[in-house]
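Colleague: Got a structure for you, data.cif, holding mmCIF, N, CA, C and O atoms.
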```cif
data_target
loop_
_atom_site.label_atom_id
_atom_site.label_comp_id
_atom_site.auth_asym_id
_atom_site.auth_seq_id
_atom_site.Cartn_x
_atom_site.Cartn_y
_atom_site.Cartn_z
N MET A 23 0.84 -1.19 0.00
CA MET A 23 0.00 0.00 0.00
C MET A 23 0.87 1.24 0.00
O MET A 23 0.59 2.19 -0.71
N GLN A 24 1.93 1.20 0.79
CA GLN A 24 2.80 2.36 0.91
C GLN A 24 3.46 2.69 -0.43
O GLN A 24 3.68 3.84 -0.74
N GLU A 25 3.75 1.69 -1.23
CA GLU A 25 4.40 1.91 -2.52
C GLU A 25 3.49 2.66 -3.49
O GLU A 25 3.96 3.42 -4.33
N LEU A 26 2.17 2.50 -3.38
CA LEU A 26 1.25 3.23 -4.25
C LEU A 26 1.28 4.73 -4.00
O LEU A 26 0.94 5.52 -4.87
N PHE A 27 1.71 5.14 -2.80
CA PHE A 27 1.78 6.55 -2.46
C PHE A 27 3.15 7.15 -2.72
O PHE A 27 3.39 8.31 -2.42
N ASN A 28 4.05 6.38 -3.29
CA ASN A 28 5.36 6.87 -3.66
C ASN A 28 5.20 7.90 -4.79
O ASN A 28 4.52 7.65 -5.78
N GLU A 29 5.81 9.07 -4.63
CA GLU A 29 5.64 10.14 -5.62
C GLU A 29 6.24 9.79 -6.97
O GLU A 29 5.86 10.37 -7.99
N SER A 30 7.15 8.83 -7.02
CA SER A 30 7.72 8.43 -8.30
C SER A 30 6.70 7.70 -9.17
O SER A 30 6.79 7.73 -10.39
N ILE A 31 5.71 7.08 -8.55
CA ILE A 31 4.63 6.44 -9.32
C ILE A 31 3.70 7.51 -9.87
O ILE A 31 3.27 7.44 -11.01
N GLY A 32 3.35 8.50 -9.07
CA GLY A 32 2.57 9.63 -9.55
C GLY A 32 1.07 9.52 -9.39
O GLY A 32 0.34 10.34 -9.94
N LEU A 33 0.57 8.55 -8.66
CA LEU A 33 -0.88 8.45 -8.44
C LEU A 33 -1.37 9.45 -7.41
O LEU A 33 -2.43 10.04 -7.57
N PHE A 34 -0.61 9.62 -6.35
CA PHE A 34 -0.99 10.50 -5.25
C PHE A 34 0.13 11.48 -4.96
O PHE A 34 1.31 11.18 -5.17
N ASN A 35 -0.24 12.66 -4.48
CA ASN A 35 0.74 13.61 -3.97
C ASN A 35 0.14 14.29 -2.75
O ASN A 35 -1.03 14.11 -2.45
N SER A 36 0.94 15.07 -2.04
CA SER A 36 0.44 15.70 -0.84
C SER A 36 -0.47 16.88 -1.20
O SER A 36 -0.19 17.64 -2.12
N ALA A 37 -1.55 17.02 -0.47
CA ALA A 37 -2.54 18.06 -0.73
C ALA A 37 -2.09 19.37 -0.08
O ALA A 37 -1.36 19.37 0.91
N ASN A 38 -2.56 20.46 -0.64
CA ASN A 38 -2.25 21.78 -0.09
C ASN A 38 -3.30 22.16 0.95
O ASN A 38 -4.14 23.01 0.72
N THR A 39 -3.23 21.50 2.09
CA THR A 39 -4.17 21.76 3.17
C THR A 39 -3.39 22.03 4.45
O THR A 39 -2.18 21.84 4.50
N GLU A 40 -4.12 22.46 5.47
CA GLU A 40 -3.47 22.74 6.76
C GLU A 40 -2.91 21.47 7.38
O GLU A 40 -1.84 21.47 7.97
N GLN A 41 -3.64 20.38 7.27
CA GLN A 41 -3.18 19.11 7.80
C GLN A 41 -2.65 18.27 6.64
O GLN A 41 -3.17 18.32 5.53
N PHE A 42 -1.64 17.47 6.91
CA PHE A 42 -1.06 16.63 5.87
C PHE A 42 -2.06 15.59 5.39
O PHE A 42 -2.69 14.91 6.20
N SER A 43 -2.20 15.46 4.09
CA SER A 43 -3.04 14.42 3.51
C SER A 43 -2.60 14.18 2.07
O SER A 43 -1.91 15.00 1.47
N TYR A 44 -3.00 13.04 1.55
CA TYR A 44 -2.72 12.70 0.16
C TYR A 44 -3.96 12.97 -0.69
O TYR A 44 -5.08 12.76 -0.24
N ARG A 45 -3.73 13.40 -1.91
CA ARG A 45 -4.81 13.57 -2.87
C ARG A 45 -4.41 12.89 -4.17
O ARG A 45 -3.23 12.58 -4.38
N VAL A 46 -5.36 12.67 -5.03
CA VAL A 46 -5.08 12.10 -6.34
C VAL A 46 -4.37 13.15 -7.18
O VAL A 46 -4.80 14.30 -7.25
N THR A 47 -3.27 12.78 -7.80
CA THR A 47 -2.52 13.71 -8.64
C THR A 47 -3.37 14.05 -9.86
O THR A 47 -3.91 13.16 -10.51
N PRO A 48 -3.54 15.35 -10.17
CA PRO A 48 -4.38 15.74 -11.31
C PRO A 48 -3.93 15.13 -12.64
O PRO A 48 -4.76 14.86 -13.51
N ASP A 49 -2.65 14.88 -12.82
CA ASP A 49 -2.16 14.30 -14.07
C ASP A 49 -1.99 12.79 -14.01
O ASP A 49 -1.30 12.22 -14.84
N SER A 50 -2.61 12.15 -13.04
CA SER A 50 -2.43 10.70 -12.89
C SER A 50 -3.01 9.92 -14.06
O SER A 50 -2.59 8.80 -14.32
N TYR A 51 -3.95 10.51 -14.80
CA TYR A 51 -4.53 9.81 -15.95
C TYR A 51 -3.52 9.65 -17.09
O TYR A 51 -3.76 8.89 -18.03
N GLU A 52 -2.39 10.33 -17.01
CA GLU A 52 -1.36 10.20 -18.03
C GLU A 52 -0.43 9.02 -17.78
O GLU A 52 0.37 8.66 -18.64
N ILE A 53 -0.54 8.39 -16.62
CA ILE A 53 0.28 7.24 -16.28
C ILE A 53 -0.28 6.01 -16.98
O ILE A 53 -1.48 5.76 -16.95
N GLN A 54 0.61 5.27 -17.62
CA GLN A 54 0.16 4.07 -18.30
C GLN A 54 -0.34 3.04 -17.28
O GLN A 54 0.35 2.74 -16.31
N GLY A 55 -1.54 2.56 -17.47
CA GLY A 55 -2.14 1.59 -16.57
C GLY A 55 -2.70 2.19 -15.30
O GLY A 55 -2.87 1.48 -14.30
N TYR A 56 -3.01 3.50 -15.30
CA TYR A 56 -3.49 4.15 -14.08
C TYR A 56 -4.80 3.56 -13.60
O TYR A 56 -5.03 3.48 -12.40
N GLU A 57 -5.66 3.13 -14.50
CA GLU A 57 -6.95 2.57 -14.08
C GLU A 57 -6.75 1.29 -13.28
O GLU A 57 -7.42 1.08 -12.27
N GLN A 58 -5.83 0.45 -13.72
CA GLN A 58 -5.55 -0.79 -13.00
C GLN A 58 -4.92 -0.49 -11.64
O GLN A 58 -5.20 -1.19 -10.66
N LEU A 59 -4.07 0.54 -11.57
CA LEU A 59 -3.45 0.88 -10.30
C LEU A 59 -4.48 1.40 -9.29
O LEU A 59 -4.45 1.04 -8.12
N PHE A 60 -5.42 2.25 -9.76
CA PHE A 60 -6.47 2.73 -8.85
C PHE A 60 -7.41 1.60 -8.46
O PHE A 60 -7.89 1.54 -7.33
N TYR A 61 -7.68 0.69 -9.37
CA TYR A 61 -8.51 -0.47 -9.06
C TYR A 61 -7.83 -1.33 -7.99
O TYR A 61 -8.46 -1.75 -7.02
N PHE A 62 -6.53 -1.53 -8.15
CA PHE A 62 -5.75 -2.29 -7.17
C PHE A 62 -5.76 -1.59 -5.82
O PHE A 62 -5.93 -2.22 -4.77
N PHE A 63 -5.59 -0.26 -5.81
CA PHE A 63 -5.65 0.51 -4.58
C PHE A 63 -7.01 0.33 -3.90
O PHE A 63 -7.08 0.14 -2.69
N GLY A 64 -8.08 0.38 -4.66
CA GLY A 64 -9.42 0.18 -4.10
C GLY A 64 -9.60 -1.19 -3.50
O GLY A 64 -10.21 -1.34 -2.43
N LYS A 65 -9.06 -2.20 -4.17
CA LYS A 65 -9.15 -3.56 -3.63
C LYS A 65 -8.37 -3.69 -2.32
O LYS A 65 -8.86 -4.30 -1.35
N LEU A 66 -7.16 -3.13 -2.29
CA LEU A 66 -6.37 -3.18 -1.05
C LEU A 66 -7.06 -2.44 0.09
O LEU A 66 -7.11 -2.92 1.23
N LEU A 67 -7.59 -1.27 -0.21
CA LEU A 67 -8.27 -0.48 0.81
C LEU A 67 -9.53 -1.20 1.31
O LEU A 67 -9.78 -1.27 2.51
N GLY A 68 -10.29 -1.76 0.40
CA GLY A 68 -11.49 -2.49 0.78
C GLY A 68 -11.17 -3.71 1.63
O GLY A 68 -11.86 -4.00 2.61
N LYS A 69 -10.12 -4.43 1.27
CA LYS A 69 -9.73 -5.61 2.05
C LYS A 69 -9.28 -5.21 3.45
O LYS A 69 -9.60 -5.88 4.44
N ALA A 70 -8.54 -4.11 3.55
CA ALA A 70 -8.09 -3.65 4.86
C ALA A 70 -9.27 -3.24 5.73
O ALA A 70 -9.31 -3.56 6.92
N VAL A 71 -10.25 -2.56 5.15
CA VAL A 71 -11.44 -2.17 5.91
C VAL A 71 -12.24 -3.40 6.33
O VAL A 71 -12.68 -3.51 7.48
N PHE A 72 -12.39 -4.34 5.41
CA PHE A 72 -13.15 -5.56 5.70
C PHE A 72 -12.50 -6.36 6.83
O PHE A 72 -13.19 -6.89 7.71
N ASP A 73 -11.17 -6.47 6.81
CA ASP A 73 -10.44 -7.23 7.82
C ASP A 73 -10.08 -6.41 9.05
O ASP A 73 -9.39 -6.90 9.93
N ARG A 74 -10.56 -5.17 9.10
CA ARG A 74 -10.30 -4.25 10.21
C ARG A 74 -8.81 -4.06 10.48
O ARG A 74 -8.35 -4.07 11.63
N ILE A 75 -8.07 -3.88 9.38
CA ILE A 75 -6.64 -3.63 9.48
C ILE A 75 -6.43 -2.13 9.39
O ILE A 75 -6.76 -1.51 8.38
N PRO A 76 -5.90 -1.51 10.43
CA PRO A 76 -5.68 -0.06 10.38
C PRO A 76 -4.54 0.27 9.41
O PRO A 76 -3.51 -0.38 9.40
N LEU A 77 -4.77 1.26 8.60
CA LEU A 77 -3.76 1.73 7.66
C LEU A 77 -3.32 3.12 8.06
O LEU A 77 -4.13 3.95 8.44
N ASN A 78 -2.06 3.37 7.95
CA ASN A 78 -1.52 4.68 8.29
C ASN A 78 -1.56 5.55 7.03
O ASN A 78 -0.53 5.89 6.46
N LEU A 79 -2.76 5.90 6.58
CA LEU A 79 -2.96 6.72 5.39
C LEU A 79 -3.72 7.98 5.76
O LEU A 79 -4.73 7.92 6.44
N CYS A 80 -3.24 9.09 5.30
CA CYS A 80 -3.93 10.36 5.50
C CYS A 80 -4.51 10.77 4.16
O CYS A 80 -3.86 11.45 3.36
N LEU A 81 -5.71 10.31 3.89
CA LEU A 81 -6.34 10.60 2.61
C LEU A 81 -7.10 11.92 2.68
O LEU A 81 -7.66 12.28 3.71
N ASN A 82 -7.15 12.60 1.56
CA ASN A 82 -7.85 13.87 1.44
C ASN A 82 -9.35 13.64 1.61
O ASN A 82 -9.89 12.58 1.30
N ARG A 83 -10.02 14.67 2.08
CA ARG A 83 -11.47 14.58 2.31
C ARG A 83 -12.23 14.23 1.02
O ARG A 83 -13.23 13.52 1.06
N SER A 84 -11.76 14.71 -0.12
CA SER A 84 -12.46 14.42 -1.37
C SER A 84 -12.40 12.92 -1.70
O SER A 84 -13.33 12.38 -2.28
N ILE A 85 -11.32 12.24 -1.29
CA ILE A 85 -11.24 10.79 -1.50
C ILE A 85 -12.25 10.09 -0.60
O ILE A 85 -12.96 9.17 -1.04
N PHE A 86 -12.36 10.52 0.66
CA PHE A 86 -13.35 9.93 1.55
C PHE A 86 -14.77 10.17 1.04
O PHE A 86 -15.62 9.29 1.10
N ASN A 87 -15.04 11.37 0.53
CA ASN A 87 -16.37 11.65 -0.02
C ASN A 87 -16.66 10.77 -1.22
O ASN A 87 -17.79 10.30 -1.39
N ALA A 88 -15.67 10.53 -2.05
CA ALA A 88 -15.86 9.65 -3.20
C ALA A 88 -16.14 8.22 -2.75
O ALA A 88 -16.99 7.53 -3.32
N LEU A 89 -15.44 7.77 -1.71
CA LEU A 89 -15.68 6.43 -1.18
C LEU A 89 -17.08 6.28 -0.60
O LEU A 89 -17.70 5.22 -0.69
N LEU A 90 -17.59 7.36 -0.01
CA LEU A 90 -18.93 7.35 0.57
C LEU A 90 -20.03 7.68 -0.43
O LEU A 90 -21.21 7.63 -0.11
N GLY A 91 -19.64 8.04 -1.66
CA GLY A 91 -20.61 8.39 -2.68
C GLY A 91 -21.14 9.80 -2.58
O GLY A 91 -22.16 10.12 -3.16
N LYS A 92 -20.47 10.66 -1.84
CA LYS A 92 -20.88 12.05 -1.71
C LYS A 92 -20.13 12.90 -2.73
O LYS A 92 -18.93 12.74 -2.91
N VAL A 93 -20.83 13.80 -3.38
CA VAL A 93 -20.23 14.68 -4.38
C VAL A 93 -20.47 16.12 -3.96
O VAL A 93 -21.59 16.48 -3.58
N THR A 94 -19.42 16.93 -4.01
CA THR A 94 -19.54 18.35 -3.70
C THR A 94 -19.19 19.17 -4.93
O THR A 94 -18.48 18.67 -5.82
N PRO A 95 -19.66 20.42 -5.02
CA PRO A 95 -19.31 21.25 -6.17
C PRO A 95 -17.80 21.44 -6.34
O PRO A 95 -17.31 21.57 -7.45
N GLY A 96 -17.05 21.40 -5.27
CA GLY A 96 -15.60 21.56 -5.36
C GLY A 96 -14.91 20.40 -6.06
O GLY A 96 -13.79 20.53 -6.52
N ASP A 97 -15.59 19.25 -6.15
CA ASP A 97 -14.99 18.10 -6.82
C ASP A 97 -14.82 18.33 -8.31
O ASP A 97 -14.03 17.65 -8.95
N TYR A 98 -15.55 19.28 -8.86
CA TYR A 98 -15.48 19.53 -10.29
C TYR A 98 -14.70 20.80 -10.61
O TYR A 98 -14.77 21.32 -11.70
N SER A 99 -13.92 21.28 -9.64
CA SER A 99 -13.17 22.51 -9.87
C SER A 99 -11.99 22.32 -10.81
O SER A 99 -11.53 23.26 -11.43
N GLU A 100 -11.53 21.09 -10.98
CA GLU A 100 -10.41 20.83 -11.87
C GLU A 100 -10.94 20.43 -13.25
O GLU A 100 -10.91 19.27 -13.64
N LEU A 101 -11.40 21.39 -14.01
CA LEU A 101 -11.99 21.10 -15.31
C LEU A 101 -10.96 20.73 -16.36
O LEU A 101 -11.32 20.27 -17.44
N LYS A 102 -9.68 20.90 -16.06
CA LYS A 102 -8.67 20.53 -17.04
C LYS A 102 -8.65 19.03 -17.29
O LYS A 102 -8.09 18.57 -18.26
N LEU A 103 -9.28 18.26 -16.42
CA LEU A 103 -9.38 16.83 -16.65
C LEU A 103 -10.21 16.52 -17.89
O LEU A 103 -10.09 15.46 -18.48
N PHE A 104 -11.05 17.49 -18.30
CA PHE A 104 -11.92 17.27 -19.43
C PHE A 104 -11.37 17.90 -20.71
O PHE A 104 -12.03 17.90 -21.73
N LYS A 105 -10.15 18.42 -20.68
CA LYS A 105 -9.61 19.11 -21.84
C LYS A 105 -9.33 18.17 -23.00
O LYS A 105 -9.25 18.61 -24.14
N HIS A 106 -9.21 16.88 -22.75
CA HIS A 106 -8.94 15.94 -23.82
C HIS A 106 -10.19 15.61 -24.64
O HIS A 106 -10.09 15.00 -25.69
N ILE A 107 -11.35 16.03 -24.18
CA ILE A 107 -12.60 15.77 -24.91
C ILE A 107 -12.68 16.74 -26.09
O ILE A 107 -12.64 17.95 -25.92
N ASP A 108 -12.79 16.20 -27.27
CA ASP A 108 -12.81 17.01 -28.48
C ASP A 108 -14.25 17.07 -28.99
O ASP A 108 -14.71 16.20 -29.73
N ILE A 109 -14.98 18.09 -28.56
CA ILE A 109 -16.37 18.24 -28.98
C ILE A 109 -16.67 19.73 -29.16
O ILE A 109 -16.19 20.57 -28.40
N ASP A 110 -17.43 20.05 -30.17
CA ASP A 110 -17.82 21.43 -30.44
C ASP A 110 -19.15 21.66 -29.76
O ASP A 110 -20.21 21.34 -30.30
N VAL A 111 -19.11 22.21 -28.55
CA VAL A 111 -20.32 22.36 -27.74
C VAL A 111 -21.29 23.33 -28.38
O VAL A 111 -22.49 23.10 -28.41
N ALA A 112 -20.83 24.43 -28.94
CA ALA A 112 -21.71 25.45 -29.50
C ALA A 112 -22.54 24.88 -30.65
O ALA A 112 -23.72 25.21 -30.79
N ASN A 113 -21.97 24.03 -31.46
CA ASN A 113 -22.71 23.47 -32.59
C ASN A 113 -23.50 22.22 -32.24
O ASN A 113 -24.31 21.76 -33.04
N SER A 114 -23.26 21.65 -31.07
CA SER A 114 -24.00 20.44 -30.71
C SER A 114 -25.21 20.72 -29.83
O SER A 114 -26.00 19.82 -29.55
N LEU A 115 -25.41 21.98 -29.41
CA LEU A 115 -26.58 22.32 -28.60
C LEU A 115 -27.78 22.61 -29.48
O LEU A 115 -27.68 23.23 -30.53
N SER A 116 -28.93 22.15 -29.04
CA SER A 116 -30.16 22.37 -29.78
C SER A 116 -31.24 22.77 -28.78
O SER A 116 -31.50 22.07 -27.82
N PHE A 117 -31.86 23.93 -29.02
CA PHE A 117 -32.91 24.43 -28.13
C PHE A 117 -34.27 24.38 -28.79
O PHE A 117 -35.09 25.25 -28.62
N ILE A 118 -34.53 23.36 -29.53
CA ILE A 118 -35.81 23.23 -30.23
C ILE A 118 -36.84 22.59 -29.34
O ILE A 118 -36.65 21.77 -28.56
#
```
For the structure just supplied, provide its representation as structure tokens.
Modeller:
Amino acid sequence: MQELFNESIGLFNSANTEQFSYRVTPDSYEIQGYEQLFYFFGKLLGKAVFDRIPLNLCLNRSIFNALLGKVTPGDYSELKLFKHIDIDVANSLSFI
């Protein structure tokens, strides 16, 4: 688990908050196989919770909200994640 938080992998980095915590790196989608790594992280985290194994992880509040299924408006503040979508919004809208 600790190796997934290594900054050389690039999945997580430290958040800019008053208290130390990890957040998902905004550019983590550029890592080859990032989906499998996050899936693996979820499996490890789920197994630890199921077996009541305490983990020494300081996860960001947004990660906890995602795990609980809660969504806040601040979760969508990083719109650069959608910059790879190539769509002409002005021509695809129809108000008929």
Colleague: If you apply the PyMOL selection byres (((chain A and resi 48-62 and name CA) around 10) and name CA) to this file, what residues do you get, as a PyMOL selection string?
Modeller: chain A and resi 23+26+31-35+45-47+63-68+100+102-103
Colleague: If you run DSSP on the backbone, which residues of range 23-79 of chain A are strand (DSSP E or B), as number ranges by chain?
Modeller: A: 34-36, 44-46
Colleague: Could you take the residues named above and write them with N, CA, C and O atoms, as a short mmCIF file (atom, residue, chain, number, x, y, z; two decimals), in the coordinates of the input?
Modeller:
```
data_model
loop_
_atom_site.label_atom_id
_atom_site.label_comp_id
_atom_site.auth_asym_id
_atom_site.auth_seq_id
_atom_site.Cartn_x
_atom_site.Cartn_y
_atom_site.Cartn_z
N PHE A 34 -0.61 9.62 -6.35
CA PHE A 34 -0.99 10.50 -5.25
C PHE A 34 0.13 11.48 -4.96
O PHE A 34 1.31 11.18 -5.17
N ASN A 35 -0.24 12.66 -4.48
CA ASN A 35 0.74 13.61 -3.97
C ASN A 35 0.14 14.29 -2.75
O ASN A 35 -1.03 14.11 -2.45
N SER A 36 0.94 15.07 -2.04
CA SER A 36 0.44 15.70 -0.84
C SER A 36 -0.47 16.88 -1.20
O SER A 36 -0.19 17.64 -2.12
N TYR A 44 -3.00 13.04 1.55
CA TYR A 44 -2.72 12.70 0.16
C TYR A 44 -3.96 12.97 -0.69
O TYR A 44 -5.08 12.76 -0.24
N ARG A 45 -3.73 13.40 -1.91
CA ARG A 45 -4.81 13.57 -2.87
C ARG A 45 -4.41 12.89 -4.17
O ARG A 45 -3.23 12.58 -4.38
N VAL A 46 -5.36 12.67 -5.03
CA VAL A 46 -5.08 12.10 -6.34
C VAL A 46 -4.37 13.15 -7.18
O VAL A 46 -4.80 14.30 -7.25
#
```
Colleague: When you look at range 70-86 of chain A with a cut-off of 4.5 Å (counting all atoms listed in the file), what residues show up, excluding the ones that are within fewer than 4 positions of it in the same chain? I need them as number ranges by chain.
Modeller: A: 43-44, 66, 90
Colleague: What does the structure give for the distance between atom O of Glu40 in chain A and atom N of Asn87 in chain A, in Å to one decimal?
Modeller: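 Interatomic distance here is 18.2 Å.
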Colleague: Suppose you want the space between CA of Asn28 in chain A and atom C of Lys92 in chain A; what is it in Å?
Modeller: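 Straight-line distance from CA of Asn28 in chain A to atom C of Lys92 in chain A works out to 26.2 Å.
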Colleague: Can you measure CA of Phe42 in chain A to atom C of Lys69 in chain A for me? One decimal in Å is fine.
Modeller: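 Separation of CA of Phe42 in chain A and atom C of Lys69 in chain A: 23.5 Å.
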